[in-house]
file protein-v4.cif (mmCIF, N, CA and C atoms)
data_structure
loop_
_atom_site.label_atom_id
_atom_site.label_comp_id
_atom_site.auth_asym_id
_atom_site.auth_seq_id
_atom_site.Cartn_x
_atom_site.Cartn_y
_atom_site.Cartn_z
N MET I 19 -11.95 -4.03 -7.36
CA MET I 19 -11.19 -2.95 -6.79
C MET I 19 -10.04 -2.63 -7.72
N ARG I 20 -9.74 -1.35 -7.86
CA ARG I 20 -8.63 -0.94 -8.70
C ARG I 20 -7.91 0.23 -8.05
N ALA I 21 -6.66 0.35 -8.34
CA ALA I 21 -5.88 1.52 -7.97
C ALA I 21 -5.28 2.03 -9.26
N SER I 22 -5.46 3.29 -9.55
CA SER I 22 -4.93 3.83 -10.80
C SER I 22 -3.60 4.52 -10.56
N HIS I 23 -2.82 4.61 -11.61
CA HIS I 23 -1.49 5.21 -11.50
C HIS I 23 -1.09 5.79 -12.85
N THR I 24 -0.06 6.62 -12.85
CA THR I 24 0.49 7.14 -14.09
C THR I 24 1.66 6.27 -14.50
N ALA I 25 2.21 6.51 -15.67
CA ALA I 25 3.29 5.68 -16.20
C ALA I 25 4.53 5.68 -15.31
N ILE I 26 4.80 6.77 -14.59
CA ILE I 26 6.02 6.82 -13.79
C ILE I 26 5.77 6.56 -12.31
N SER I 27 4.54 6.35 -11.94
CA SER I 27 4.23 6.15 -10.53
C SER I 27 4.22 4.66 -10.19
N PRO I 28 3.95 4.33 -8.93
CA PRO I 28 4.01 2.95 -8.45
C PRO I 28 3.04 2.03 -9.18
N ARG I 29 3.32 0.75 -9.09
CA ARG I 29 2.48 -0.28 -9.69
C ARG I 29 1.66 -0.95 -8.60
N PRO I 30 0.37 -0.63 -8.50
CA PRO I 30 -0.47 -1.23 -7.46
C PRO I 30 -0.94 -2.63 -7.85
N ARG I 31 -1.10 -3.50 -6.87
CA ARG I 31 -1.65 -4.83 -7.07
C ARG I 31 -2.60 -5.14 -5.94
N TRP I 32 -3.83 -5.57 -6.28
CA TRP I 32 -4.84 -5.91 -5.28
C TRP I 32 -4.81 -7.40 -4.98
N ALA I 33 -5.12 -7.74 -3.76
CA ALA I 33 -5.33 -9.13 -3.35
C ALA I 33 -6.34 -9.05 -2.21
N SER I 34 -6.93 -10.17 -1.87
CA SER I 34 -7.84 -10.15 -0.74
C SER I 34 -7.84 -11.50 -0.07
N THR I 35 -8.36 -11.53 1.15
CA THR I 35 -8.46 -12.77 1.88
C THR I 35 -9.53 -13.64 1.26
N ALA I 36 -9.60 -14.89 1.66
CA ALA I 36 -10.58 -15.82 1.11
C ALA I 36 -12.00 -15.31 1.29
N LEU I 37 -12.27 -14.64 2.38
CA LEU I 37 -13.61 -14.13 2.65
C LEU I 37 -13.83 -12.74 2.08
N ARG I 38 -12.82 -12.18 1.46
CA ARG I 38 -12.88 -10.83 0.88
C ARG I 38 -13.27 -9.78 1.91
N ALA I 39 -13.01 -10.06 3.18
CA ALA I 39 -13.36 -9.12 4.23
C ALA I 39 -12.25 -8.10 4.45
N THR I 40 -11.05 -8.39 4.01
CA THR I 40 -9.92 -7.48 4.18
C THR I 40 -9.17 -7.36 2.87
N PRO I 41 -9.52 -6.38 2.04
CA PRO I 41 -8.77 -6.22 0.80
C PRO I 41 -7.36 -5.72 1.11
N ASN I 42 -6.39 -6.27 0.40
CA ASN I 42 -5.00 -5.90 0.57
C ASN I 42 -4.49 -5.27 -0.71
N LEU I 43 -3.63 -4.29 -0.56
CA LEU I 43 -3.03 -3.62 -1.70
C LEU I 43 -1.54 -3.53 -1.47
N GLY I 44 -0.75 -4.04 -2.40
CA GLY I 44 0.70 -3.90 -2.34
C GLY I 44 1.15 -2.94 -3.41
N VAL I 45 1.99 -1.97 -3.02
CA VAL I 45 2.44 -0.94 -3.97
C VAL I 45 3.93 -0.73 -3.83
N VAL I 46 4.61 -0.67 -4.97
CA VAL I 46 6.04 -0.37 -5.01
C VAL I 46 6.20 1.05 -5.53
N ASN I 47 6.94 1.87 -4.81
CA ASN I 47 7.30 3.21 -5.29
C ASN I 47 8.82 3.23 -5.46
N PRO I 48 9.31 2.99 -6.69
CA PRO I 48 10.75 2.95 -6.92
C PRO I 48 11.38 4.33 -7.09
N SER I 49 10.58 5.36 -7.10
CA SER I 49 11.10 6.70 -7.37
C SER I 49 11.68 7.35 -6.12
N LEU I 50 12.35 8.45 -6.32
CA LEU I 50 12.93 9.23 -5.22
C LEU I 50 11.96 10.29 -4.71
N ARG I 51 10.74 10.27 -5.24
CA ARG I 51 9.72 11.26 -4.85
C ARG I 51 8.55 10.57 -4.16
N ILE I 52 7.83 11.32 -3.33
CA ILE I 52 6.57 10.83 -2.79
C ILE I 52 5.62 10.66 -3.96
N ALA I 53 4.89 9.56 -3.98
CA ALA I 53 3.93 9.31 -5.05
C ALA I 53 2.53 9.21 -4.44
N GLU I 54 1.54 9.46 -5.27
CA GLU I 54 0.15 9.35 -4.83
C GLU I 54 -0.57 8.36 -5.73
N VAL I 55 -1.37 7.50 -5.11
CA VAL I 55 -2.17 6.51 -5.83
C VAL I 55 -3.63 6.81 -5.54
N VAL I 56 -4.43 6.88 -6.57
CA VAL I 56 -5.86 7.11 -6.43
C VAL I 56 -6.55 5.75 -6.36
N LEU I 57 -7.36 5.54 -5.33
CA LEU I 57 -8.09 4.29 -5.17
C LEU I 57 -9.46 4.40 -5.81
N GLU I 58 -9.84 3.38 -6.53
CA GLU I 58 -11.18 3.30 -7.11
C GLU I 58 -11.76 1.97 -6.64
N LEU I 59 -12.68 2.04 -5.70
CA LEU I 59 -13.22 0.84 -5.07
C LEU I 59 -14.66 0.64 -5.52
N ARG I 60 -14.95 -0.58 -6.01
CA ARG I 60 -16.30 -0.91 -6.45
C ARG I 60 -16.79 -2.12 -5.67
N GLY I 61 -18.04 -2.10 -5.24
CA GLY I 61 -18.62 -3.26 -4.58
C GLY I 61 -18.35 -3.36 -3.10
N ALA I 62 -17.70 -2.37 -2.53
CA ALA I 62 -17.43 -2.37 -1.10
C ALA I 62 -17.18 -0.93 -0.66
N VAL I 63 -17.24 -0.72 0.64
CA VAL I 63 -17.00 0.62 1.20
C VAL I 63 -15.90 0.52 2.24
N LEU I 64 -14.83 1.30 2.05
CA LEU I 64 -13.74 1.31 3.02
C LEU I 64 -14.19 1.98 4.31
N ALA I 65 -13.71 1.44 5.44
CA ALA I 65 -14.01 2.03 6.74
C ALA I 65 -13.11 3.23 7.02
N GLY I 66 -12.03 3.36 6.25
CA GLY I 66 -11.09 4.46 6.48
C GLY I 66 -9.98 4.08 7.44
N THR I 67 -9.97 2.83 7.89
CA THR I 67 -8.96 2.35 8.83
C THR I 67 -8.32 1.07 8.29
N GLY I 68 -7.28 0.63 8.96
CA GLY I 68 -6.61 -0.60 8.58
C GLY I 68 -5.19 -0.59 9.12
N THR I 69 -4.36 -1.43 8.54
CA THR I 69 -2.96 -1.55 8.93
C THR I 69 -2.11 -1.54 7.68
N ALA I 70 -0.91 -1.00 7.78
CA ALA I 70 0.02 -1.00 6.65
C ALA I 70 1.41 -1.37 7.14
N TRP I 71 2.18 -1.97 6.24
CA TRP I 71 3.56 -2.32 6.50
C TRP I 71 4.39 -1.74 5.37
N ARG I 72 5.41 -0.96 5.72
CA ARG I 72 6.25 -0.31 4.72
C ARG I 72 7.68 -0.81 4.88
N ILE I 73 8.27 -1.21 3.76
CA ILE I 73 9.68 -1.59 3.72
C ILE I 73 10.37 -0.54 2.88
N GLY I 74 11.38 0.10 3.42
CA GLY I 74 12.04 1.12 2.62
C GLY I 74 13.21 1.77 3.32
N GLY I 75 13.85 2.61 2.58
CA GLY I 75 14.97 3.40 3.06
C GLY I 75 15.00 4.70 2.28
N THR I 76 16.09 5.41 2.37
CA THR I 76 16.19 6.70 1.69
C THR I 76 16.95 6.60 0.37
N ASP I 77 17.53 5.44 0.10
CA ASP I 77 18.37 5.25 -1.08
C ASP I 77 17.85 4.03 -1.85
N PRO I 78 17.62 4.14 -3.17
CA PRO I 78 17.12 2.99 -3.92
C PRO I 78 18.10 1.82 -3.96
N GLN I 79 19.36 2.06 -3.67
CA GLN I 79 20.36 0.99 -3.64
C GLN I 79 20.59 0.45 -2.24
N ALA I 80 19.84 0.96 -1.27
CA ALA I 80 20.03 0.55 0.13
C ALA I 80 19.72 -0.93 0.30
N HIS I 81 20.45 -1.56 1.18
CA HIS I 81 20.22 -2.96 1.53
C HIS I 81 20.78 -3.20 2.92
N ASN I 82 20.25 -4.20 3.57
CA ASN I 82 20.73 -4.55 4.90
C ASN I 82 21.85 -5.57 4.78
N ASP I 83 22.90 -5.35 5.54
CA ASP I 83 24.06 -6.24 5.58
C ASP I 83 24.11 -6.83 6.98
N PRO I 84 24.22 -8.15 7.11
CA PRO I 84 24.24 -8.76 8.45
C PRO I 84 25.33 -8.20 9.36
N ASP I 85 26.42 -7.71 8.77
CA ASP I 85 27.53 -7.20 9.57
C ASP I 85 27.58 -5.68 9.64
N GLY I 86 26.55 -5.02 9.12
CA GLY I 86 26.60 -3.57 9.08
C GLY I 86 25.29 -2.94 9.52
N PRO I 87 25.14 -1.65 9.22
CA PRO I 87 23.91 -0.95 9.59
C PRO I 87 22.72 -1.49 8.81
N ARG I 88 21.54 -1.17 9.28
CA ARG I 88 20.31 -1.65 8.66
C ARG I 88 19.50 -0.45 8.14
N PRO I 89 19.87 0.08 6.95
CA PRO I 89 19.17 1.25 6.42
C PRO I 89 17.76 0.95 5.92
N VAL I 90 17.47 -0.31 5.60
CA VAL I 90 16.14 -0.68 5.13
C VAL I 90 15.36 -1.22 6.32
N GLN I 91 14.26 -0.57 6.62
CA GLN I 91 13.47 -0.91 7.81
C GLN I 91 12.08 -1.36 7.40
N ILE I 92 11.46 -2.17 8.26
CA ILE I 92 10.05 -2.53 8.10
C ILE I 92 9.29 -1.79 9.19
N GLU I 93 8.34 -1.00 8.77
CA GLU I 93 7.55 -0.17 9.70
C GLU I 93 6.09 -0.58 9.59
N GLU I 94 5.46 -0.88 10.72
CA GLU I 94 4.03 -1.16 10.76
C GLU I 94 3.32 0.06 11.32
N PHE I 95 2.21 0.44 10.69
CA PHE I 95 1.47 1.58 11.22
C PHE I 95 -0.02 1.42 10.96
N GLU I 96 -0.81 2.03 11.83
CA GLU I 96 -2.26 1.99 11.72
C GLU I 96 -2.72 3.06 10.73
N LEU I 97 -3.71 2.72 9.94
CA LEU I 97 -4.29 3.66 8.98
C LEU I 97 -5.51 4.32 9.60
N GLN I 98 -5.60 5.61 9.45
CA GLN I 98 -6.75 6.39 9.91
C GLN I 98 -7.12 7.37 8.81
N GLY I 99 -8.39 7.50 8.54
CA GLY I 99 -8.85 8.50 7.57
C GLY I 99 -8.49 8.19 6.13
N VAL I 100 -8.41 6.90 5.77
CA VAL I 100 -8.11 6.53 4.39
C VAL I 100 -9.26 6.98 3.51
N GLY I 101 -8.93 7.65 2.44
CA GLY I 101 -9.94 8.13 1.51
C GLY I 101 -9.69 7.58 0.13
N GLU I 102 -9.73 8.44 -0.85
CA GLU I 102 -9.56 8.03 -2.24
C GLU I 102 -8.12 8.08 -2.71
N GLN I 103 -7.19 8.48 -1.84
CA GLN I 103 -5.82 8.66 -2.26
C GLN I 103 -4.85 8.18 -1.19
N LEU I 104 -3.76 7.54 -1.62
CA LEU I 104 -2.69 7.12 -0.71
C LEU I 104 -1.41 7.84 -1.09
N ARG I 105 -0.66 8.26 -0.09
CA ARG I 105 0.66 8.86 -0.31
C ARG I 105 1.71 7.81 0.01
N LEU I 106 2.63 7.60 -0.94
CA LEU I 106 3.62 6.55 -0.83
C LEU I 106 5.02 7.14 -0.65
N ALA I 107 5.72 6.63 0.33
CA ALA I 107 7.09 7.09 0.59
C ALA I 107 8.00 6.73 -0.58
N PRO I 108 9.03 7.53 -0.82
CA PRO I 108 10.00 7.20 -1.87
C PRO I 108 10.73 5.90 -1.53
N CYS I 109 11.19 5.21 -2.56
CA CYS I 109 12.02 4.00 -2.40
C CYS I 109 11.39 3.02 -1.42
N SER I 110 10.13 2.66 -1.65
CA SER I 110 9.45 1.82 -0.67
C SER I 110 8.54 0.79 -1.32
N VAL I 111 8.23 -0.23 -0.53
CA VAL I 111 7.19 -1.21 -0.84
C VAL I 111 6.23 -1.14 0.33
N THR I 112 4.94 -0.96 0.06
CA THR I 112 3.96 -0.85 1.14
C THR I 112 2.83 -1.83 0.89
N LEU I 113 2.46 -2.57 1.93
CA LEU I 113 1.33 -3.47 1.90
C LEU I 113 0.25 -2.90 2.80
N TYR I 114 -0.93 -2.68 2.24
CA TYR I 114 -2.07 -2.14 2.98
C TYR I 114 -3.09 -3.25 3.21
N ALA I 115 -3.67 -3.30 4.40
CA ALA I 115 -4.81 -4.16 4.73
C ALA I 115 -5.92 -3.24 5.20
N PHE I 116 -6.94 -3.07 4.37
CA PHE I 116 -8.01 -2.12 4.64
C PHE I 116 -9.17 -2.78 5.37
N ASP I 117 -9.74 -2.06 6.34
CA ASP I 117 -10.98 -2.50 6.97
C ASP I 117 -12.14 -2.03 6.09
N LEU I 118 -13.20 -2.85 6.03
CA LEU I 118 -14.37 -2.51 5.23
C LEU I 118 -15.57 -2.22 6.10
N LEU I 119 -16.43 -1.30 5.64
CA LEU I 119 -17.73 -1.10 6.25
C LEU I 119 -18.73 -2.11 5.69
N ALA I 120 -18.60 -2.38 4.38
CA ALA I 120 -19.49 -3.34 3.72
C ALA I 120 -18.64 -4.22 2.81
N PRO I 121 -18.77 -5.54 2.91
CA PRO I 121 -17.97 -6.43 2.07
C PRO I 121 -18.36 -6.36 0.61
N ALA I 122 -17.43 -6.75 -0.24
CA ALA I 122 -17.68 -6.76 -1.67
C ALA I 122 -18.70 -7.83 -2.02
N ALA I 123 -19.62 -7.48 -2.89
CA ALA I 123 -20.66 -8.43 -3.30
C ALA I 123 -20.18 -9.35 -4.41
N GLY I 124 -19.24 -8.88 -5.21
CA GLY I 124 -18.73 -9.67 -6.32
C GLY I 124 -17.36 -9.19 -6.71
N ARG I 125 -16.78 -9.85 -7.65
CA ARG I 125 -15.43 -9.48 -8.08
C ARG I 125 -15.48 -8.40 -9.13
N ASP I 126 -14.54 -7.44 -9.04
CA ASP I 126 -14.37 -6.40 -10.07
C ASP I 126 -13.02 -6.58 -10.71
#
call {"tool": "encode", "arguments": {"input": "protein-v4.cif", "output": "structure tokens"}}
result
Amino acid sequence: MRASHTAISPRPRWASTALRATPNLGVVNPSLRIAEVVLELRGAVLAGTGTAWRIGGTDPQAHNDPDGPRPVQIEEFELQGVGEQLRLAPCSVTLYAFDLLAPAAGRD
């Protein structure tokens, strides 16, 4: 499995569970713009569903202070209709757990 990107876009990293039944993708988008990542999946078929967790805020310098407001939030959301492209929020780290229709036969 691979995710492609341009020089200024996020850096995708693939991981998977021991059974390779749930491929995971972690992506950092350090920019102030929405970014798009093109997915290239070999050896398996995505179901188009899954779960994602996004950590982010609106400011790249944002941080949570125990005594102050919490501008950096963790948001969990269900994925529906995942295709060949993901849209990434600005100033965010997103972890995707994709459901598969068919498991990967081998490593790519």
call {"tool": "atom_distance", "arguments": {"input": "protein-v4.cif", "atom1": "atom N of Thr69 in chain I", "atom2": "CA of Asp83 in chain I"}}
result
29.0 Å
call {"tool": "select_by_dssp", "arguments": {"input": "protein-v4.cif", "residues": "range 28-116 of chain I", "states": "strand (DSSP E or B)", "output": "NGL selection string"}}
result
:I and (29-34 or 41-47 or 53-58 or 63-74 or 91-98 or 103-106 or 110-116)
call {"tool": "resolve_selection", "arguments": {"input": "protein-v4.cif", "expression": "the PyMOL selection byres ((chain I and resi 98) around 8)", "output": "MDAnalysis selection string"}}
result
chainID I and resid 65:69 95:97 99:101
call {"tool": "closest_atom_pairs", "arguments": {"input": "protein-v4.cif", "of": "range 31-93 of chain I", "to": "range 103-109 of chain I", "cutoff": "12 Å", "atoms": "only C-alpha atoms", "output": "CSV"}}
result
residue,atom,partner,partner_atom,distance
I:Leu43,CA,I:Leu104,CA,10.8
I:Gly44,CA,I:Leu106,CA,11.0
I:Val45,CA,I:Leu106,CA,8.2
I:Val46,CA,I:Cys109,CA,7.9
I:Asn47,CA,I:Cys109,CA,5.6
I:Pro48,CA,I:Cys109,CA,4.8
I:Ser49,CA,I:Pro108,CA,5.6
I:Leu50,CA,I:Pro108,CA,4.9
I:Arg51,CA,I:Pro108,CA,5.0
I:Ile52,CA,I:Ala107,CA,5.1
I:Ala53,CA,I:Leu106,CA,5.1
I:Glu54,CA,I:Arg105,CA,4.6
I:Val55,CA,I:Leu104,CA,5.2
I:Val56,CA,I:Gln103,CA,4.4
I:Leu57,CA,I:Gln103,CA,5.7
I:Glu58,CA,I:Gln103,CA,9.0
I:Leu59,CA,I:Gln103,CA,11.1
I:Gly66,CA,I:Gln103,CA,11.0
I:Ala70,CA,I:Leu106,CA,11.2
I:Trp71,CA,I:Leu106,CA,11.5
I:Arg72,CA,I:Ala107,CA,8.5
I:Ile73,CA,I:Cys109,CA,8.6
I:Gly74,CA,I:Cys109,CA,5.8
I:Gly75,CA,I:Cys109,CA,6.2
I:Thr76,CA,I:Cys109,CA,6.4
I:Asp77,CA,I:Cys109,CA,6.6
I:Pro78,CA,I:Cys109,CA,5.4
I:Gln79,CA,I:Cys109,CA,9.0
I:Ala80,CA,I:Cys109,CA,9.1
I:His81,CA,I:Cys109,CA,11.5
I:Pro89,CA,I:Cys109,CA,11.7
I:Val90,CA,I:Cys109,CA,9.8
I:Gln91,CA,I:Cys109,CA,11.4
I:Glu93,CA,I:Ala107,CA,11.7
call {"tool": "atom_distance", "arguments": {"input": "protein-v4.cif", "atom1": "CA of Arg60 in chain I", "atom2": "CA of Ala115 in chain I"}}
result
16.4 Å
call {"tool": "atom_distance", "arguments": {"input": "protein-v4.cif", "atom1": "CA of Glu94 in chain I", "atom2": "CA of Leu119 in chain I"}}
result
22.2 Å
call {"tool": "resolve_selection", "arguments": {"input": "protein-v4.cif", "expression": "the PyMOL selection byres ((chain I and resi 118) around 5)", "output": "ChimeraX atom specification"}}
result
/I:63-65,116-117,119-120
